[in-house]
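See below for work-v5.pdb, which holds PDB, C-alpha atoms.
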```pdb
ATOM      1  CA  MET A   1      20.164  -2.606 -15.226  1.00  0.00           C
ATOM      2  CA  THR A   2      17.189  -2.920 -12.898  1.00  0.00           C
ATOM      3  CA  LEU A   3      14.559  -0.182 -12.904  1.00  0.00           C
ATOM      4  CA  HIS A   4      13.531   0.582  -9.330  1.00  0.00           C
ATOM      5  CA  ILE A   5       9.989   1.856  -8.843  1.00  0.00           C
ATOM      6  CA  GLU A   6       8.937   3.147  -5.452  1.00  0.00           C
ATOM      7  CA  MET A   7       5.256   2.585  -4.723  1.00  0.00           C
ATOM      8  CA  VAL A   8       4.071   4.925  -1.994  1.00  0.00           C
ATOM      9  CA  SER A   9       0.802   3.594  -0.601  1.00  0.00           C
ATOM     10  CA  ASP A  10      -1.327   2.830   2.426  1.00  0.00           C
ATOM     11  CA  LEU A  11      -2.613  -0.607   3.339  1.00  0.00           C
ATOM     12  CA  VAL A  12      -6.063   0.734   4.185  1.00  0.00           C
ATOM     13  CA  CYS A  13      -6.397   2.367   0.751  1.00  0.00           C
ATOM     14  CA  PRO A  14      -8.488   0.251  -1.652  1.00  0.00           C
ATOM     15  CA  TRP A  15      -7.264   2.249  -4.649  1.00  0.00           C
ATOM     16  CA  CYS A  16      -3.736   1.196  -3.696  1.00  0.00           C
ATOM     17  CA  TRP A  17      -4.654  -2.468  -4.144  1.00  0.00           C
ATOM     18  CA  VAL A  18      -6.089  -1.658  -7.559  1.00  0.00           C
ATOM     19  CA  GLY A  19      -2.930   0.315  -8.319  1.00  0.00           C
ATOM     20  CA  LEU A  20      -0.699  -2.561  -7.276  1.00  0.00           C
ATOM     21  CA  ARG A  21      -2.520  -5.015  -9.540  1.00  0.00           C
ATOM     22  CA  ARG A  22      -2.291  -2.563 -12.437  1.00  0.00           C
ATOM     23  CA  LEU A  23       1.416  -2.030 -11.804  1.00  0.00           C
ATOM     24  CA  LYS A  24       1.984  -5.785 -11.906  1.00  0.00           C
ATOM     25  CA  ALA A  25       0.065  -5.928 -15.201  1.00  0.00           C
ATOM     26  CA  ALA A  26       2.135  -3.006 -16.523  1.00  0.00           C
ATOM     27  CA  ILE A  27       5.361  -4.831 -15.716  1.00  0.00           C
ATOM     28  CA  GLU A  28       4.114  -7.787 -17.746  1.00  0.00           C
ATOM     29  CA  LEU A  29       3.524  -5.431 -20.692  1.00  0.00           C
ATOM     30  CA  VAL A  30       7.223  -4.471 -20.752  1.00  0.00           C
ATOM     31  CA  PRO A  31       9.042  -7.837 -20.540  1.00  0.00           C
ATOM     32  CA  GLU A  32      12.177  -6.211 -21.936  1.00  0.00           C
ATOM     33  CA  LEU A  33      12.587  -4.294 -18.657  1.00  0.00           C
ATOM     34  CA  GLU A  34      13.806  -5.643 -15.343  1.00  0.00           C
ATOM     35  CA  VAL A  35      11.643  -3.902 -12.740  1.00  0.00           C
ATOM     36  CA  GLU A  36      11.881  -4.056  -8.960  1.00  0.00           C
ATOM     37  CA  VAL A  37       9.090  -2.546  -6.869  1.00  0.00           C
ATOM     38  CA  LEU A  38      10.083  -0.947  -3.568  1.00  0.00           C
ATOM     39  CA  PHE A  39       7.169  -0.371  -1.202  1.00  0.00           C
ATOM     40  CA  ARG A  40       7.133   2.842   0.816  1.00  0.00           C
ATOM     41  CA  PRO A  41       4.828   3.707   3.743  1.00  0.00           C
ATOM     42  CA  PHE A  42       2.201   6.422   3.765  1.00  0.00           C
ATOM     43  CA  GLU A  43      -0.558   6.699   6.367  1.00  0.00           C
ATOM     44  CA  LEU A  44      -3.562   8.468   4.902  1.00  0.00           C
ATOM     45  CA  ASP A  45      -4.794   9.208   8.407  1.00  0.00           C
ATOM     46  CA  PRO A  46      -2.081   8.895  11.073  1.00  0.00           C
ATOM     47  CA  THR A  47      -4.551  10.235  13.676  1.00  0.00           C
ATOM     48  CA  VAL A  48      -6.393   6.904  13.828  1.00  0.00           C
ATOM     49  CA  PRO A  49      -5.819   5.451  17.329  1.00  0.00           C
ATOM     50  CA  ALA A  50      -3.307   2.622  17.658  1.00  0.00           C
ATOM     51  CA  GLY A  51      -6.164   0.232  18.428  1.00  0.00           C
ATOM     52  CA  GLY A  52      -8.186   1.387  15.449  1.00  0.00           C
ATOM     53  CA  THR A  53     -11.717   2.741  15.472  1.00  0.00           C
ATOM     54  CA  ASP A  54     -15.223   1.659  14.493  1.00  0.00           C
ATOM     55  CA  TYR A  55     -15.368   1.611  10.690  1.00  0.00           C
ATOM     56  CA  LYS A  56     -18.954   2.797  10.264  1.00  0.00           C
ATOM     57  CA  GLU A  57     -18.481   5.649  12.710  1.00  0.00           C
ATOM     58  CA  TYR A  58     -15.237   6.628  11.020  1.00  0.00           C
ATOM     59  CA  MET A  59     -16.837   6.705   7.586  1.00  0.00           C
ATOM     60  CA  LYS A  60     -19.856   8.569   8.938  1.00  0.00           C
ATOM     61  CA  ALA A  61     -17.580  11.262  10.364  1.00  0.00           C
ATOM     62  CA  ARG A  62     -15.690  11.490   7.091  1.00  0.00           C
ATOM     63  CA  PHE A  63     -18.695  11.420   4.732  1.00  0.00           C
ATOM     64  CA  GLY A  64     -21.423  12.575   7.091  1.00  0.00           C
ATOM     65  CA  SER A  65     -23.528  14.679   4.750  1.00  0.00           C
ATOM     66  CA  ASP A  66     -26.052  13.208   2.318  1.00  0.00           C
ATOM     67  CA  GLN A  67     -23.857  14.354  -0.535  1.00  0.00           C
ATOM     68  CA  GLY A  68     -20.807  12.836   1.109  1.00  0.00           C
ATOM     69  CA  ARG A  69     -22.521   9.488   1.647  1.00  0.00           C
ATOM     70  CA  GLU A  70     -23.696   9.449  -1.949  1.00  0.00           C
ATOM     71  CA  ARG A  71     -20.160  10.129  -3.152  1.00  0.00           C
ATOM     72  CA  SER A  72     -18.819   7.406  -0.859  1.00  0.00           C
ATOM     73  CA  ASN A  73     -21.351   4.878  -2.164  1.00  0.00           C
ATOM     74  CA  GLN A  74     -20.514   5.755  -5.762  1.00  0.00           C
ATOM     75  CA  MET A  75     -16.817   5.335  -5.045  1.00  0.00           C
ATOM     76  CA  ARG A  76     -17.447   1.964  -3.401  1.00  0.00           C
ATOM     77  CA  ASP A  77     -19.464   0.732  -6.390  1.00  0.00           C
ATOM     78  CA  LEU A  78     -16.704   1.877  -8.734  1.00  0.00           C
ATOM     79  CA  LEU A  79     -14.057   0.118  -6.657  1.00  0.00           C
ATOM     80  CA  ILE A  80     -16.031  -3.122  -6.704  1.00  0.00           C
ATOM     81  CA  GLN A  81     -16.291  -2.862 -10.500  1.00  0.00           C
ATOM     82  CA  TYR A  82     -12.585  -2.117 -10.904  1.00  0.00           C
ATOM     83  CA  GLY A  83     -11.788  -4.858  -8.421  1.00  0.00           C
ATOM     84  CA  GLU A  84     -13.623  -7.403 -10.532  1.00  0.00           C
ATOM     85  CA  ASP A  85     -11.581  -6.303 -13.547  1.00  0.00           C
ATOM     86  CA  GLU A  86      -8.341  -6.781 -11.591  1.00  0.00           C
ATOM     87  CA  GLY A  87      -9.304 -10.016  -9.836  1.00  0.00           C
ATOM     88  CA  ILE A  88      -9.758  -8.274  -6.486  1.00  0.00           C
ATOM     89  CA  PRO A  89     -12.638  -9.476  -4.279  1.00  0.00           C
ATOM     90  CA  PHE A  90     -13.675  -6.353  -2.376  1.00  0.00           C
ATOM     91  CA  HIS A  91     -16.021  -7.091   0.549  1.00  0.00           C
ATOM     92  CA  PHE A  92     -16.485  -3.737   2.252  1.00  0.00           C
ATOM     93  CA  ASP A  93     -19.433  -5.109   4.239  1.00  0.00           C
ATOM     94  CA  ARG A  94     -17.028  -7.297   6.238  1.00  0.00           C
ATOM     95  CA  ILE A  95     -14.987  -4.367   7.561  1.00  0.00           C
ATOM     96  CA  ALA A  96     -15.797  -3.611  11.208  1.00  0.00           C
ATOM     97  CA  ARG A  97     -12.681  -1.663  12.237  1.00  0.00           C
ATOM     98  CA  ARG A  98     -10.713   1.091  10.563  1.00  0.00           C
ATOM     99  CA  PRO A  99      -7.225   0.007  11.640  1.00  0.00           C
ATOM    100  CA  ASN A 100      -4.155   2.068  12.285  1.00  0.00           C
ATOM    101  CA  SER A 101      -1.805   0.882   9.526  1.00  0.00           C
ATOM    102  CA  PHE A 102       1.547   1.917  10.982  1.00  0.00           C
ATOM    103  CA  ASN A 103       2.636  -1.505  12.245  1.00  0.00           C
ATOM    104  CA  ALA A 104       1.467  -3.118   9.013  1.00  0.00           C
ATOM    105  CA  HIS A 105       3.899  -0.822   7.204  1.00  0.00           C
ATOM    106  CA  ARG A 106       6.642  -2.045   9.527  1.00  0.00           C
ATOM    107  CA  LEU A 107       5.750  -5.615   8.570  1.00  0.00           C
ATOM    108  CA  VAL A 108       6.003  -4.763   4.868  1.00  0.00           C
ATOM    109  CA  ARG A 109       9.440  -3.275   5.522  1.00  0.00           C
ATOM    110  CA  TRP A 110      10.655  -6.474   7.175  1.00  0.00           C
ATOM    111  CA  ALA A 111       9.100  -8.640   4.477  1.00  0.00           C
ATOM    112  CA  GLN A 112      10.743  -6.539   1.773  1.00  0.00           C
ATOM    113  CA  GLY A 113      14.099  -7.191   3.392  1.00  0.00           C
ATOM    114  CA  GLN A 114      13.453 -10.887   2.759  1.00  0.00           C
ATOM    115  CA  ASN A 115      12.200 -10.380  -0.825  1.00  0.00           C
ATOM    116  CA  LEU A 116       8.625 -10.902   0.353  1.00  0.00           C
ATOM    117  CA  GLY A 117       7.376  -7.348   0.008  1.00  0.00           C
ATOM    118  CA  MET A 118       4.884  -8.153  -2.749  1.00  0.00           C
ATOM    119  CA  ALA A 119       3.532 -11.122  -0.817  1.00  0.00           C
ATOM    120  CA  ALA A 120       3.107  -8.965   2.279  1.00  0.00           C
ATOM    121  CA  LYS A 121       1.266  -6.208   0.404  1.00  0.00           C
ATOM    122  CA  GLU A 122      -1.128  -8.639  -1.237  1.00  0.00           C
ATOM    123  CA  ALA A 123      -1.765 -10.511   2.020  1.00  0.00           C
ATOM    124  CA  LEU A 124      -2.426  -7.319   3.966  1.00  0.00           C
ATOM    125  CA  PHE A 125      -4.737  -5.856   1.320  1.00  0.00           C
ATOM    126  CA  GLU A 126      -6.642  -9.133   1.232  1.00  0.00           C
ATOM    127  CA  ALA A 127      -6.892  -9.184   5.015  1.00  0.00           C
ATOM    128  CA  VAL A 128      -8.463  -5.718   5.098  1.00  0.00           C
ATOM    129  CA  PHE A 129     -10.670  -5.616   2.039  1.00  0.00           C
ATOM    130  CA  SER A 130     -11.635  -9.243   1.459  1.00  0.00           C
ATOM    131  CA  LYS A 131     -11.677 -10.679   4.976  1.00  0.00           C
ATOM    132  CA  GLY A 132     -12.387  -7.589   7.077  1.00  0.00           C
ATOM    133  CA  GLU A 133      -9.474  -8.306   9.418  1.00  0.00           C
ATOM    134  CA  ASP A 134      -7.876  -5.733  11.697  1.00  0.00           C
ATOM    135  CA  ILE A 135      -4.299  -5.288  10.472  1.00  0.00           C
ATOM    136  CA  GLY A 136      -3.586  -3.035  13.423  1.00  0.00           C
ATOM    137  CA  ASP A 137      -3.798  -6.084  15.672  1.00  0.00           C
ATOM    138  CA  HIS A 138      -0.435  -7.703  16.436  1.00  0.00           C
ATOM    139  CA  GLU A 139      -1.770 -11.260  16.380  1.00  0.00           C
ATOM    140  CA  THR A 140      -3.297 -10.666  12.964  1.00  0.00           C
ATOM    141  CA  LEU A 141       0.014  -9.327  11.664  1.00  0.00           C
ATOM    142  CA  VAL A 142       1.931 -12.288  13.102  1.00  0.00           C
ATOM    143  CA  THR A 143      -0.488 -14.706  11.424  1.00  0.00           C
ATOM    144  CA  ILE A 144      -0.050 -12.936   8.086  1.00  0.00           C
ATOM    145  CA  ALA A 145       3.722 -12.929   8.537  1.00  0.00           C
ATOM    146  CA  SER A 146       3.689 -16.673   9.082  1.00  0.00           C
ATOM    147  CA  LYS A 147       1.552 -17.272   5.987  1.00  0.00           C
ATOM    148  CA  ILE A 148       3.968 -15.439   3.703  1.00  0.00           C
ATOM    149  CA  GLY A 149       7.035 -17.212   5.068  1.00  0.00           C
ATOM    150  CA  LEU A 150       8.395 -14.935   7.798  1.00  0.00           C
ATOM    151  CA  ASP A 151       9.364 -16.192  11.246  1.00  0.00           C
ATOM    152  CA  PRO A 152       6.246 -15.517  13.371  1.00  0.00           C
ATOM    153  CA  ASN A 153       8.129 -15.510  16.658  1.00  0.00           C
ATOM    154  CA  LEU A 154      10.647 -12.982  15.400  1.00  0.00           C
ATOM    155  CA  VAL A 155       7.912 -10.781  13.931  1.00  0.00           C
ATOM    156  CA  SER A 156       6.030 -10.928  17.233  1.00  0.00           C
ATOM    157  CA  ASP A 157       9.145  -9.796  19.094  1.00  0.00           C
ATOM    158  CA  LEU A 158       9.817  -7.022  16.579  1.00  0.00           C
ATOM    159  CA  LEU A 159       6.251  -5.713  16.790  1.00  0.00           C
ATOM    160  CA  ALA A 160       6.517  -5.581  20.572  1.00  0.00           C
ATOM    161  CA  SER A 161       9.701  -3.522  20.265  1.00  0.00           C
ATOM    162  CA  ASP A 162      10.525  -0.166  18.703  1.00  0.00           C
ATOM    163  CA  ALA A 163      12.238  -1.817  15.741  1.00  0.00           C
ATOM    164  CA  ASP A 164      12.083   0.454  12.689  1.00  0.00           C
ATOM    165  CA  VAL A 165       9.489   2.731  14.276  1.00  0.00           C
ATOM    166  CA  GLU A 166      11.554   5.878  13.806  1.00  0.00           C
ATOM    167  CA  THR A 167      12.798   4.795  10.385  1.00  0.00           C
ATOM    168  CA  THR A 168       9.251   4.208   9.160  1.00  0.00           C
ATOM    169  CA  ARG A 169       8.129   7.604  10.474  1.00  0.00           C
ATOM    170  CA  GLN A 170      11.062   9.349   8.835  1.00  0.00           C
ATOM    171  CA  GLU A 171      10.329   7.622   5.548  1.00  0.00           C
ATOM    172  CA  GLN A 172       6.704   8.761   5.639  1.00  0.00           C
ATOM    173  CA  ASP A 173       7.801  12.304   6.451  1.00  0.00           C
ATOM    174  CA  LEU A 174      10.205  12.276   3.519  1.00  0.00           C
ATOM    175  CA  PHE A 175       7.471  11.563   0.999  1.00  0.00           C
ATOM    176  CA  ARG A 176       5.166  14.172   2.516  1.00  0.00           C
ATOM    177  CA  GLN A 177       8.000  16.670   2.209  1.00  0.00           C
ATOM    178  CA  MET A 178       8.323  15.655  -1.438  1.00  0.00           C
ATOM    179  CA  GLY A 179       4.758  16.865  -1.873  1.00  0.00           C
ATOM    180  CA  ILE A 180       2.910  13.562  -1.914  1.00  0.00           C
ATOM    181  CA  SER A 181      -0.563  13.919  -0.438  1.00  0.00           C
ATOM    182  CA  GLY A 182      -2.406  11.066  -2.134  1.00  0.00           C
ATOM    183  CA  VAL A 183      -1.742   7.426  -2.872  1.00  0.00           C
ATOM    184  CA  PRO A 184      -0.904   5.317  -4.716  1.00  0.00           C
ATOM    185  CA  THR A 185       2.032   7.246  -6.106  1.00  0.00           C
ATOM    186  CA  PHE A 186       4.666   5.580  -8.272  1.00  0.00           C
ATOM    187  CA  ILE A 187       8.117   7.170  -8.355  1.00  0.00           C
ATOM    188  CA  ALA A 188      11.174   6.548 -10.490  1.00  0.00           C
ATOM    189  CA  HIS A 189      14.587   8.091  -9.754  1.00  0.00           C
ATOM    190  CA  ARG A 190      12.947  10.279  -7.061  1.00  0.00           C
ATOM    191  CA  GLN A 191      11.922  12.571  -9.914  1.00  0.00           C
ATOM    192  CA  ILE A 192       9.387  10.997 -12.294  1.00  0.00           C
ATOM    193  CA  ALA A 193       6.043  10.200 -10.701  1.00  0.00           C
ATOM    194  CA  VAL A 194       2.570   8.968 -11.545  1.00  0.00           C
ATOM    195  CA  GLN A 195      -0.179   9.412  -8.990  1.00  0.00           C
ATOM    196  CA  GLY A 196      -3.359   7.369  -8.794  1.00  0.00           C
ATOM    197  CA  ALA A 197      -4.465   3.894  -9.848  1.00  0.00           C
ATOM    198  CA  GLU A 198      -3.808   4.517 -13.521  1.00  0.00           C
ATOM    199  CA  SER A 199      -4.339   1.910 -16.215  1.00  0.00           C
ATOM    200  CA  ALA A 200      -1.741  -0.778 -16.851  1.00  0.00           C
ATOM    201  CA  GLU A 201      -1.090   0.760 -20.266  1.00  0.00           C
ATOM    202  CA  LYS A 202      -0.338   4.199 -18.832  1.00  0.00           C
ATOM    203  CA  LEU A 203       1.875   2.685 -16.140  1.00  0.00           C
ATOM    204  CA  ALA A 204       3.709   0.692 -18.809  1.00  0.00           C
ATOM    205  CA  ARG A 205       4.449   3.944 -20.654  1.00  0.00           C
ATOM    206  CA  PHE A 206       5.675   5.399 -17.365  1.00  0.00           C
ATOM    207  CA  LEU A 207       8.029   2.446 -16.920  1.00  0.00           C
ATOM    208  CA  LYS A 208       9.414   2.874 -20.426  1.00  0.00           C
ATOM    209  CA  THR A 209       9.974   6.594 -19.887  1.00  0.00           C
ATOM    210  CA  ALA A 210      11.672   5.936 -16.567  1.00  0.00           C
ATOM    211  CA  ALA A 211      13.899   3.254 -18.096  1.00  0.00           C
ATOM    212  CA  ALA A 212      14.972   5.646 -20.835  1.00  0.00           C
ATOM    213  CA  GLN A 213      16.074   8.132 -18.170  1.00  0.00           C
ATOM    214  CA  MET A 214      17.778   5.599 -15.947  1.00  0.00           C
ATOM    215  CA  PRO A 215      20.683   7.108 -13.977  1.00  0.00           C
ATOM    216  CA  THR A 216      24.089   5.465 -14.127  1.00  0.00           C
ATOM    217  CA  GLU A 217      24.093   4.771 -10.379  1.00  0.00           C
ATOM    218  CA  ARG A 218      21.510   2.916  -8.383  1.00  0.00           C
ATOM    219  CA  PRO A 219      19.533   5.631  -6.565  1.00  0.00           C
ATOM    220  CA  MET A 220      18.067   3.615  -3.737  1.00  0.00           C
ATOM    221  CA  SER A 221      17.784   0.191  -2.162  1.00  0.00           C
ATOM    222  CA  GLY A 222      15.087  -1.827  -0.507  1.00  0.00           C
ATOM    223  CA  ALA A 223      14.482  -1.795   3.226  1.00  0.00           C
ATOM    224  CA  ALA A 224      16.099  -4.542   5.206  1.00  0.00           C
ATOM    225  CA  SER A 225      15.419  -5.670   8.733  1.00  0.00           C
ATOM    226  CA  PRO A 226      15.682  -9.316   9.804  1.00  0.00           C
ATOM    227  CA  ALA A 227      12.373 -11.154   9.953  1.00  0.00           C
TER     228      ALA A 227
END
```

Structure rendered as structure tokens:
Amino acid sequence: MTLHIEMVSDLVCPWCWVGLRRLKAAIELVPELEVEVLFRPFELDPTVPAGGTDYKEYMKARFGSDQGRERSNQMRDLLIQYGEDEGIPFHFDRIARRPNSFNAHRLVRWAQGQNLGMAAKEALFEAVFSKGEDIGDHETLVTIASKIGLDPNLVSDLLASDADVETTRQEQDLFRQMGISGVPTFIAHRQIAVQGAESAEKLARFLKTAAAQMPTERPMSGAASPA
């Protein structure tokens, strides 16, 4: 039986990219398990305008004090170090815009319906943190969609419509109601959870525990919209 793990994360969260890489490594540590990752949306800051905002100004407002800036710089240095360990090329200096990630979450939903969820997550993380691209921009999302094998014309039409807007919002609300306030969070059976970019070894133990408590019925399914 397949173990379904829901990864609740935001595409503008660098720790989520680290967490994803560690989850993939954890899955390799438990080859006896069949694991499927289901990606779930979570906007860390849904108040960011649809067109995004200046990255430096956003970070200044968030970590404006000397102490805040020092903490932010320490966190960035730590992320770069962890990124090197996980094969992630963080280039924070290339980021000019802090994008609104809502439509990127819609793209992940469509990609997941075509078994391309992992490819979409990796491509979007890379776009933000390695290339400094604005994943709130429709053209950028269409280009990424095309690169991972989705129909760019269909994705363009879907982005211009209200397709899965309400569903994505409801899904985010569900996880907030479950008490999730930080990401990444990994959930099994809607009961067992690990929060944070934990080590591959700890995540592997989580997978084993979850597999041992696997329910007899499949508790959930992946999102599916044509793209």

- request: Quote the spacing between CA of Asp164 (chain A) and CA of Ser130 (chain A) in Å to one decimal place.
  value: 28.0 Å

- prompt: So how many Å separate CA of Phe186 (chain A) and CA of Glu6 (chain A), to one decimal?
  reply: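 Spanning CA of Phe186 (chain A) to CA of Glu6 (chain A) is a straight-line distance of 5.7 Å.
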
message: At a cut-off of 8 Å, using only C-alpha atoms, what residues contact Thr185 (chain A)? Leave out same-chain residues fewer than 3 positions from it and give the result as an MDAnalysis selection string.
response: chainID A and resid 7:9 180 182 193:196

- request: Run the PyMOL selection byres ((chain A and resi 69-79) around 12) against the file shown and list the residues it catches, as a VMD selection string.
  value: chain A and resid 13 to 19 56 59 to 68 80 to 93 129 197

field: Hits of the PyMOL selection byres ((chain A and resi 135) around 12) in this structure, as an NGL selection string
entry: :A and (10-12 or 50-52 or 95-108 or 120-121 or 123-129 or 131-134 or 136-145)

- request: Counting all atoms listed in the file, find the residues whose atoms lie at most 10 Å from (18.2, -3.8, -11.1) (file coordinates) and write them out as a PyMOL selection string.
  value: chain A and resi 1-4+33-36+218+221

message: For region 203-211 of chain A, find every residue with an atom within 8 Å (counting all atoms listed in the file), except residues of its own chain fewer than 5 positions away, and show them as a list of chain:residue names.
response: A:Leu3, A:Arg22, A:Leu23, A:Ala26, A:Ile27, A:Leu29, A:Val30, A:Leu33, A:Ala188, A:His189, A:Ile192, A:Val194, A:Glu198

- request: Let me know the residues the PyMOL selection byres ((chain A and resi 151) around 12) catches in the file above, as a list of chain:residue names.
  value: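 So the PyMOL selection byres ((chain A and resi 151) around 12), applied here, picks out A:Leu107, A:Trp110, A:Ala111, A:Gln114, A:Leu141, A:Val142, A:Thr143, A:Ile144, A:Ala145, A:Ser146, A:Lys147, A:Ile148, A:Gly149, A:Leu150, A:Pro152, A:Asn153, A:Leu154, A:Val155, A:Ser156, A:Asp157, A:Leu158, A:Pro226, A:Ala227.
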
Length of the CA of Ala200 (chain A) to CA of Arg21 (chain A) vector [Å]: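 If I compute the distance from CA of Ala200 (chain A) to CA of Arg21 (chain A), I get 8.5 Å.
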
- prompt: Which is closer to Arg176 (chain A) than all the others in A:Met214, A:Leu44, A:Ile5, A:Leu20, using only C-alpha atoms?
  reply: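 Counting only C-alpha atoms, the residue closest to Arg176 (chain A) is A:Leu44.
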
Find the smallest box with edges along x, y and z containing every listed atom of region 31-41 of chain A, then add 8 Å on each side and report centre and edge lengths in Å to one decimal, as lines of an AutoDock Vina configuration file.
```
center_x = 9.3
center_y = -2.1
center_z = -9.1
size_x = 25.0
size_y = 27.5
size_z = 41.7
```

- prompt: Which is closer to Phe175 (chain A) than all the others in A:Ser199, A:Pro41, A:Glu28, A:Leu116, using only C-alpha atoms?
  reply: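 Distance minimum relative to Phe175 (chain A) lands on A:Pro41.
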